[in-house]
Amino acid sequence: MTLRGVSSSSAAAYIAEGARILRTGGLVAFPTETVYGLGGDATQGKAVARIFAAKGRPSFNPLIVHVADVDWVADLAKADTRFDILARAFWPGPLTFVLPRRDGCPASELVSAGLDSIAVRMPDHPVAQALLRAVQRPLAAPSANASGTVSPTLAAHVASSLGDKVDLIIDGGPCRVGLESTVLDLTQGKATILRPGAIIAEQIAALIGPVATATEDPALPKSPGQLVSHYAPVLPLRLNATTAGPGEALLGFGSSSNAALNLSPTGDLVEAAANLFAMMRALDDSMRFSAMAVAPIPATGIGIAINDRLKRAAAPRV
Ligand code: TXA
Ligand code: MG
């Protein structure tokens, strides 16, 4: 595994090297606007299998296929006018569509984990886009972390979580959004949000009409990745805390006092989303605490997605 920066003038060389690795079935971690992705050529079954192995991901949990352009979707999936409208409005960006797989779809069946649907997303990051264009193949890319743990928002997080299991990590600095994309299921008549993210239900509903939110029946995870316990830090996590108990680190928000770290001292939810995973990791790594307690986060806008991730991080570990 090599960690390569892209802030220098040699960025183009890293993209070319990454593209070469991907074409030969290797794995490349790359930055997106949401979190770092662990990329493999979606059309090579072996590469996709390597992704599952590297993450320790259960094989029933399908992967998102990343594209450089809206046009690439036509080969992969059966899209309708709702997709056209929403992709025009929000791509490139943090919105993933689950669509029916097209007959003859060139992506490995493994990305769909046995479902007859496929998830597609066009990331809004210059490195991700340059890599996709250089490879000229759709890239399967889950978050570049060990399955069930906190997603990476820095290249260093990828290195510590996956290390030698990835052939190259391209460092693009911190991820702007910091939470994984909104996942929207368009396989049914009713559009359904399977995972909340930065693009919220109201924005989607304004363009295509009413949007449902997947019910939390753990027996029926419609998005197989939405396991109840997920995004878990190492330390136990307590929600809606106003003060830290003995041994606890308070992860504050707004005017929290005595916070070990504050997600956003000014109470800005977008800033809090961008800081969430990195601050959870920092508290895990500090070795000074035996537990974390997180201040209440308003459930509006991207705060809905923050609360979703926190709830899963606090759930009993299975
Ligand atoms: O922001 C993101 O989406 C990041 C970056 C790297 O693009 N990727 C990401 O991938 O978060 P991952 O694998 O960690 O999460 C993908 C989610 C999972 O909850 C998975 O179950 C769901 O999308 N998903 C993928 N394909 C699906 C499908 N065909 N049907 C239903 N859910 C699907
Ligand atoms: Mg993930």
# chains A, B, ... in the order shown; residues from 1 in each chain; ligands from 1
$ residues_near_ligand --ligand "ligand 2" --cutoff "8 Å" --atoms "only C-alpha atoms and all ligand atoms" --output "list in words"
Pro142, Ser143, Ala144, Asn145, Ser147, Gly148, Thr149, Val150, Ser151, Glu180, Gly225 and Tyr231 of chain A
$ closest_atom_pairs --of "stretch 103-157 of chain A" --to "stretch 186-198 of chain A" --cutoff "12 Å" --atoms "only C-alpha atoms" --output "CSV"
residue,atom,partner,partner_atom,distance
A:Leu115,CA,A:Thr187,CA,11.2
A:Asp116,CA,A:Thr187,CA,9.5
A:Ser117,CA,A:Thr187,CA,7.4
A:Ile118,CA,A:Thr187,CA,9.5
A:Ala119,CA,A:Leu186,CA,9.9
A:Val120,CA,A:Leu186,CA,11.2
$ write_last_selection --atoms "N, CA, C and O atoms" --output "CSV table (one decimal), in the first residue's frame"
chain,number,residue,atom,x,y,z
A,115,LEU,N,-29.4,-9.0,-5.6
A,115,LEU,CA,-30.7,-8.3,-5.9
A,115,LEU,C,-30.8,-8.0,-7.4
A,115,LEU,O,-29.8,-8.0,-8.1
A,116,ASP,N,-32.0,-7.6,-7.8
A,116,ASP,CA,-32.1,-7.3,-9.2
A,116,ASP,C,-32.0,-5.8,-9.4
A,116,ASP,O,-32.5,-5.2,-10.4
A,117,SER,N,-31.4,-5.1,-8.5
A,117,SER,CA,-31.2,-3.6,-8.6
A,117,SER,C,-29.7,-3.3,-8.5
A,117,SER,O,-28.9,-4.2,-8.2
A,118,ILE,N,-29.4,-2.1,-8.8
A,118,ILE,CA,-28.0,-1.6,-8.8
A,118,ILE,C,-28.0,-0.2,-8.3
A,118,ILE,O,-28.9,0.6,-8.7
A,119,ALA,N,-27.1,0.2,-7.4
A,119,ALA,CA,-27.0,1.5,-6.9
A,119,ALA,C,-25.9,2.3,-7.7
A,119,ALA,O,-24.8,1.8,-8.0
A,120,VAL,N,-26.2,3.5,-8.1
A,120,VAL,CA,-25.3,4.3,-8.9
A,120,VAL,C,-25.1,5.7,-8.4
A,120,VAL,O,-26.1,6.3,-7.8
$ residues_around --residues "stretch 247-260 of chain A" --least-positions-apart "6" --cutoff "12 Å" --atoms "only C-alpha atoms" --output "PyMOL selection string"
chain A and resi 235-241+266-273+275-298+303+306+310
$ select_by_dssp --residues "stretch 38-140 of chain A" --states "strand (DSSP E)" --output "number ranges by chain"
A: 38-41, 64-66, 95-100, 117-121, 139-140
$ write_last_selection --atoms "N, CA, C and O atoms" --output "PDB file, in the first residue's frame"
ATOM      1  N   LEU A  38     -13.422   2.817  -1.402  1.00  0.00           N
ATOM      2  CA  LEU A  38     -12.484   1.742  -1.733  1.00  0.00           C
ATOM      3  C   LEU A  38     -12.893   1.226  -3.103  1.00  0.00           C
ATOM      4  O   LEU A  38     -13.850   0.468  -3.230  1.00  0.00           O
ATOM      5  N   GLY A  39     -12.183   1.672  -4.140  1.00  0.00           N
ATOM      6  CA  GLY A  39     -12.616   1.436  -5.509  1.00  0.00           C
ATOM      7  C   GLY A  39     -12.047   0.175  -6.128  1.00  0.00           C
ATOM      8  O   GLY A  39     -10.888  -0.177  -5.898  1.00  0.00           O
ATOM      9  N   GLY A  40     -12.894  -0.483  -6.914  1.00  0.00           N
ATOM     10  CA  GLY A  40     -12.477  -1.597  -7.756  1.00  0.00           C
ATOM     11  C   GLY A  40     -13.323  -1.544  -9.020  1.00  0.00           C
ATOM     12  O   GLY A  40     -14.433  -1.007  -9.006  1.00  0.00           O
ATOM     13  N   ASP A  41     -12.798  -2.117 -10.110  1.00  0.00           N
ATOM     14  CA  ASP A  41     -13.523  -2.139 -11.383  1.00  0.00           C
ATOM     15  C   ASP A  41     -14.806  -2.961 -11.211  1.00  0.00           C
ATOM     16  O   ASP A  41     -14.747  -4.167 -10.973  1.00  0.00           O
ATOM     17  N   ILE A  64     -22.192   0.431  -4.075  1.00  0.00           N
ATOM     18  CA  ILE A  64     -22.561   1.518  -4.988  1.00  0.00           C
ATOM     19  C   ILE A  64     -21.568   1.540  -6.159  1.00  0.00           C
ATOM     20  O   ILE A  64     -20.359   1.429  -5.957  1.00  0.00           O
ATOM     21  N   VAL A  65     -22.108   1.690  -7.370  1.00  0.00           N
ATOM     22  CA  VAL A  65     -21.273   1.786  -8.565  1.00  0.00           C
ATOM     23  C   VAL A  65     -21.157   3.266  -8.944  1.00  0.00           C
ATOM     24  O   VAL A  65     -22.165   3.960  -9.101  1.00  0.00           O
ATOM     25  N   HIS A  66     -19.905   3.732  -9.054  1.00  0.00           N
ATOM     26  CA  HIS A  66     -19.653   5.151  -9.330  1.00  0.00           C
ATOM     27  C   HIS A  66     -19.412   5.369 -10.818  1.00  0.00           C
ATOM     28  O   HIS A  66     -18.737   4.550 -11.463  1.00  0.00           O
ATOM     29  N   LEU A  95     -25.900  11.968  -3.833  1.00  0.00           N
ATOM     30  CA  LEU A  95     -27.177  11.265  -3.978  1.00  0.00           C
ATOM     31  C   LEU A  95     -26.951   9.994  -4.798  1.00  0.00           C
ATOM     32  O   LEU A  95     -26.471  10.059  -5.930  1.00  0.00           O
ATOM     33  N   THR A  96     -27.275   8.847  -4.195  1.00  0.00           N
ATOM     34  CA  THR A  96     -27.153   7.539  -4.855  1.00  0.00           C
ATOM     35  C   THR A  96     -28.544   7.056  -5.216  1.00  0.00           C
ATOM     36  O   THR A  96     -29.465   7.165  -4.403  1.00  0.00           O
ATOM     37  N   PHE A  97     -28.680   6.535  -6.429  1.00  0.00           N
ATOM     38  CA  PHE A  97     -29.970   6.002  -6.882  1.00  0.00           C
ATOM     39  C   PHE A  97     -29.912   4.476  -6.917  1.00  0.00           C
ATOM     40  O   PHE A  97     -28.966   3.910  -7.473  1.00  0.00           O
ATOM     41  N   VAL A  98     -30.914   3.829  -6.350  1.00  0.00           N
ATOM     42  CA  VAL A  98     -31.078   2.384  -6.543  1.00  0.00           C
ATOM     43  C   VAL A  98     -32.109   2.211  -7.650  1.00  0.00           C
ATOM     44  O   VAL A  98     -33.246   2.701  -7.546  1.00  0.00           O
ATOM     45  N   LEU A  99     -31.669   1.544  -8.729  1.00  0.00           N
ATOM     46  CA  LEU A  99     -32.490   1.389  -9.943  1.00  0.00           C
ATOM     47  C   LEU A  99     -32.527  -0.094 -10.329  1.00  0.00           C
ATOM     48  O   LEU A  99     -31.641  -0.865  -9.939  1.00  0.00           O
ATOM     49  N   PRO A 100     -33.525  -0.485 -11.153  1.00  0.00           N
ATOM     50  CA  PRO A 100     -33.506  -1.869 -11.645  1.00  0.00           C
ATOM     51  C   PRO A 100     -32.270  -2.086 -12.525  1.00  0.00           C
ATOM     52  O   PRO A 100     -31.909  -1.211 -13.322  1.00  0.00           O
ATOM     53  N   SER A 117     -31.426  -5.094  -8.485  1.00  0.00           N
ATOM     54  CA  SER A 117     -31.234  -3.640  -8.557  1.00  0.00           C
ATOM     55  C   SER A 117     -29.742  -3.321  -8.509  1.00  0.00           C
ATOM     56  O   SER A 117     -28.915  -4.179  -8.196  1.00  0.00           O
ATOM     57  N   ILE A 118     -29.430  -2.060  -8.836  1.00  0.00           N
ATOM     58  CA  ILE A 118     -28.039  -1.600  -8.781  1.00  0.00           C
ATOM     59  C   ILE A 118     -28.033  -0.154  -8.299  1.00  0.00           C
ATOM     60  O   ILE A 118     -28.920   0.631  -8.676  1.00  0.00           O
ATOM     61  N   ALA A 119     -27.072   0.173  -7.445  1.00  0.00           N
ATOM     62  CA  ALA A 119     -26.960   1.537  -6.919  1.00  0.00           C
ATOM     63  C   ALA A 119     -25.908   2.291  -7.718  1.00  0.00           C
ATOM     64  O   ALA A 119     -24.824   1.761  -7.970  1.00  0.00           O
ATOM     65  N   VAL A 120     -26.232   3.523  -8.130  1.00  0.00           N
ATOM     66  CA  VAL A 120     -25.303   4.325  -8.941  1.00  0.00           C
ATOM     67  C   VAL A 120     -25.150   5.733  -8.363  1.00  0.00           C
ATOM     68  O   VAL A 120     -26.100   6.303  -7.832  1.00  0.00           O
ATOM     69  N   ARG A 121     -23.923   6.260  -8.497  1.00  0.00           N
ATOM     70  CA  ARG A 121     -23.662   7.617  -7.995  1.00  0.00           C
ATOM     71  C   ARG A 121     -22.538   8.260  -8.786  1.00  0.00           C
ATOM     72  O   ARG A 121     -21.552   7.602  -9.134  1.00  0.00           O
ATOM     73  N   LEU A 139     -16.837   2.190 -11.273  1.00  0.00           N
ATOM     74  CA  LEU A 139     -16.091   1.707 -10.101  1.00  0.00           C
ATOM     75  C   LEU A 139     -17.032   1.399  -8.941  1.00  0.00           C
ATOM     76  O   LEU A 139     -17.790   2.277  -8.507  1.00  0.00           O
ATOM     77  N   ALA A 140     -16.961   0.157  -8.478  1.00  0.00           N
ATOM     78  CA  ALA A 140     -17.658  -0.183  -7.234  1.00  0.00           C
ATOM     79  C   ALA A 140     -16.834   0.421  -6.109  1.00  0.00           C
ATOM     80  O   ALA A 140     -15.617   0.247  -6.075  1.00  0.00           O
TER      81      ALA A 140
END
$ residues_around --residues "A:Tyr36" --least-positions-apart "6" --cutoff "8 Å" --atoms "only C-alpha atoms" --output "list in words"
Ala29, Phe30, Ser143, Ala144, Ser151, Pro152, Thr153, Leu154, Ala155, Val158 and Cys175 of chain A
$ write_last_selection --atoms "N, CA, C and O atoms" --output "short mmCIF file (atom, residue, chain, number, x, y, z; two decimals), in the first residue's frame"
data_model
loop_
_atom_site.label_atom_id
_atom_site.label_comp_id
_atom_site.auth_asym_id
_atom_site.auth_seq_id
_atom_site.Cartn_x
_atom_site.Cartn_y
_atom_site.Cartn_z
N ALA A 29 -8.04 3.31 -3.08
CA ALA A 29 -8.89 4.18 -2.25
C ALA A 29 -8.75 5.60 -2.76
O ALA A 29 -7.63 6.06 -3.04
N PHE A 30 -9.88 6.29 -2.89
CA PHE A 30 -9.84 7.64 -3.45
C PHE A 30 -10.84 8.55 -2.72
O PHE A 30 -11.82 8.07 -2.15
N SER A 143 -17.52 2.73 1.29
CA SER A 143 -16.63 3.52 2.14
C SER A 143 -15.40 2.69 2.48
O SER A 143 -15.50 1.48 2.69
N ALA A 144 -14.23 3.36 2.52
CA ALA A 144 -12.95 2.64 2.61
C ALA A 144 -12.55 2.37 4.06
O ALA A 144 -11.51 2.81 4.53
N SER A 151 -16.77 5.54 8.92
CA SER A 151 -16.26 5.81 7.57
C SER A 151 -15.10 6.80 7.60
O SER A 151 -15.03 7.65 8.47
N PRO A 152 -14.18 6.68 6.61
CA PRO A 152 -12.99 7.53 6.59
C PRO A 152 -13.23 8.87 5.90
O PRO A 152 -13.76 8.92 4.80
N THR A 153 -12.80 9.94 6.54
CA THR A 153 -12.91 11.26 5.92
C THR A 153 -11.53 11.86 5.67
O THR A 153 -11.43 12.99 5.20
N LEU A 154 -10.48 11.09 5.98
CA LEU A 154 -9.10 11.49 5.69
C LEU A 154 -8.38 10.26 5.12
O LEU A 154 -8.71 9.13 5.50
N ALA A 155 -7.35 10.49 4.30
CA ALA A 155 -6.58 9.36 3.76
C ALA A 155 -5.94 8.55 4.88
O ALA A 155 -5.85 7.32 4.80
N VAL A 158 -8.08 5.78 6.14
CA VAL A 158 -8.09 4.59 5.27
C VAL A 158 -6.87 3.74 5.58
O VAL A 158 -6.97 2.52 5.73
N CYS A 175 -12.65 15.14 3.44
CA CYS A 175 -13.86 15.12 2.62
C CYS A 175 -14.79 16.25 3.06
O CYS A 175 -15.00 16.47 4.25
#
$ atom_distance --atom1 "atom CA of A:Ala87" --atom2 "atom CA of A:Ile200"
14.2 Å
$ residues_around --residues "A:Asp75" --least-positions-apart "4" --cutoff "8 Å" --atoms "only C-alpha atoms" --output "list in words"
Arg102, Cys105 and Pro106 of chain A
$ write_last_selection --atoms "C-alpha atoms" --output "PDB file, in the first residue's frame"
ATOM      1  CA  ARG A 102     -30.551  -3.496 -17.022  1.00  0.00           C
ATOM      2  CA  CYS A 105     -25.573  -4.883 -17.301  1.00  0.00           C
ATOM      3  CA  PRO A 106     -21.751  -5.112 -17.490  1.00  0.00           C
TER       4      PRO A 106
END
$ closest_residue --among "A:Ser160, A:Thr34, A:Thr213, A:Gln129" --to "ligand 1" --atoms "only C-alpha atoms and all ligand atoms"
A:Thr34
$ closest_residue --among "A:Ala107, A:Ala47, A:Val135, A:Ile302" --to "A:Ala201" --atoms "only C-alpha atoms"
A:Ile302
$ select_by_dssp --residues "stretch 102-298 of chain A" --states "alpha helix (DSSP H)" --output "PyMOL selection string"
chain A and resi 126-135+155-162+201-208+269-286
$ closest_residue --among "A:Val70, A:Ala141, A:Ile208, A:Ile169" --to "ligand 1" --atoms "only C-alpha atoms and all ligand atoms"
A:Ala141
$ atom_distance --atom1 "atom CA of A:Gly104" --atom2 "atom CA of A:Gly56"
28.5 Å
$ atom_distance --atom1 "atom CA of A:Pro123" --atom2 "atom 7 (O, counted along the ligand's line) of ligand 1"
6.5 Å
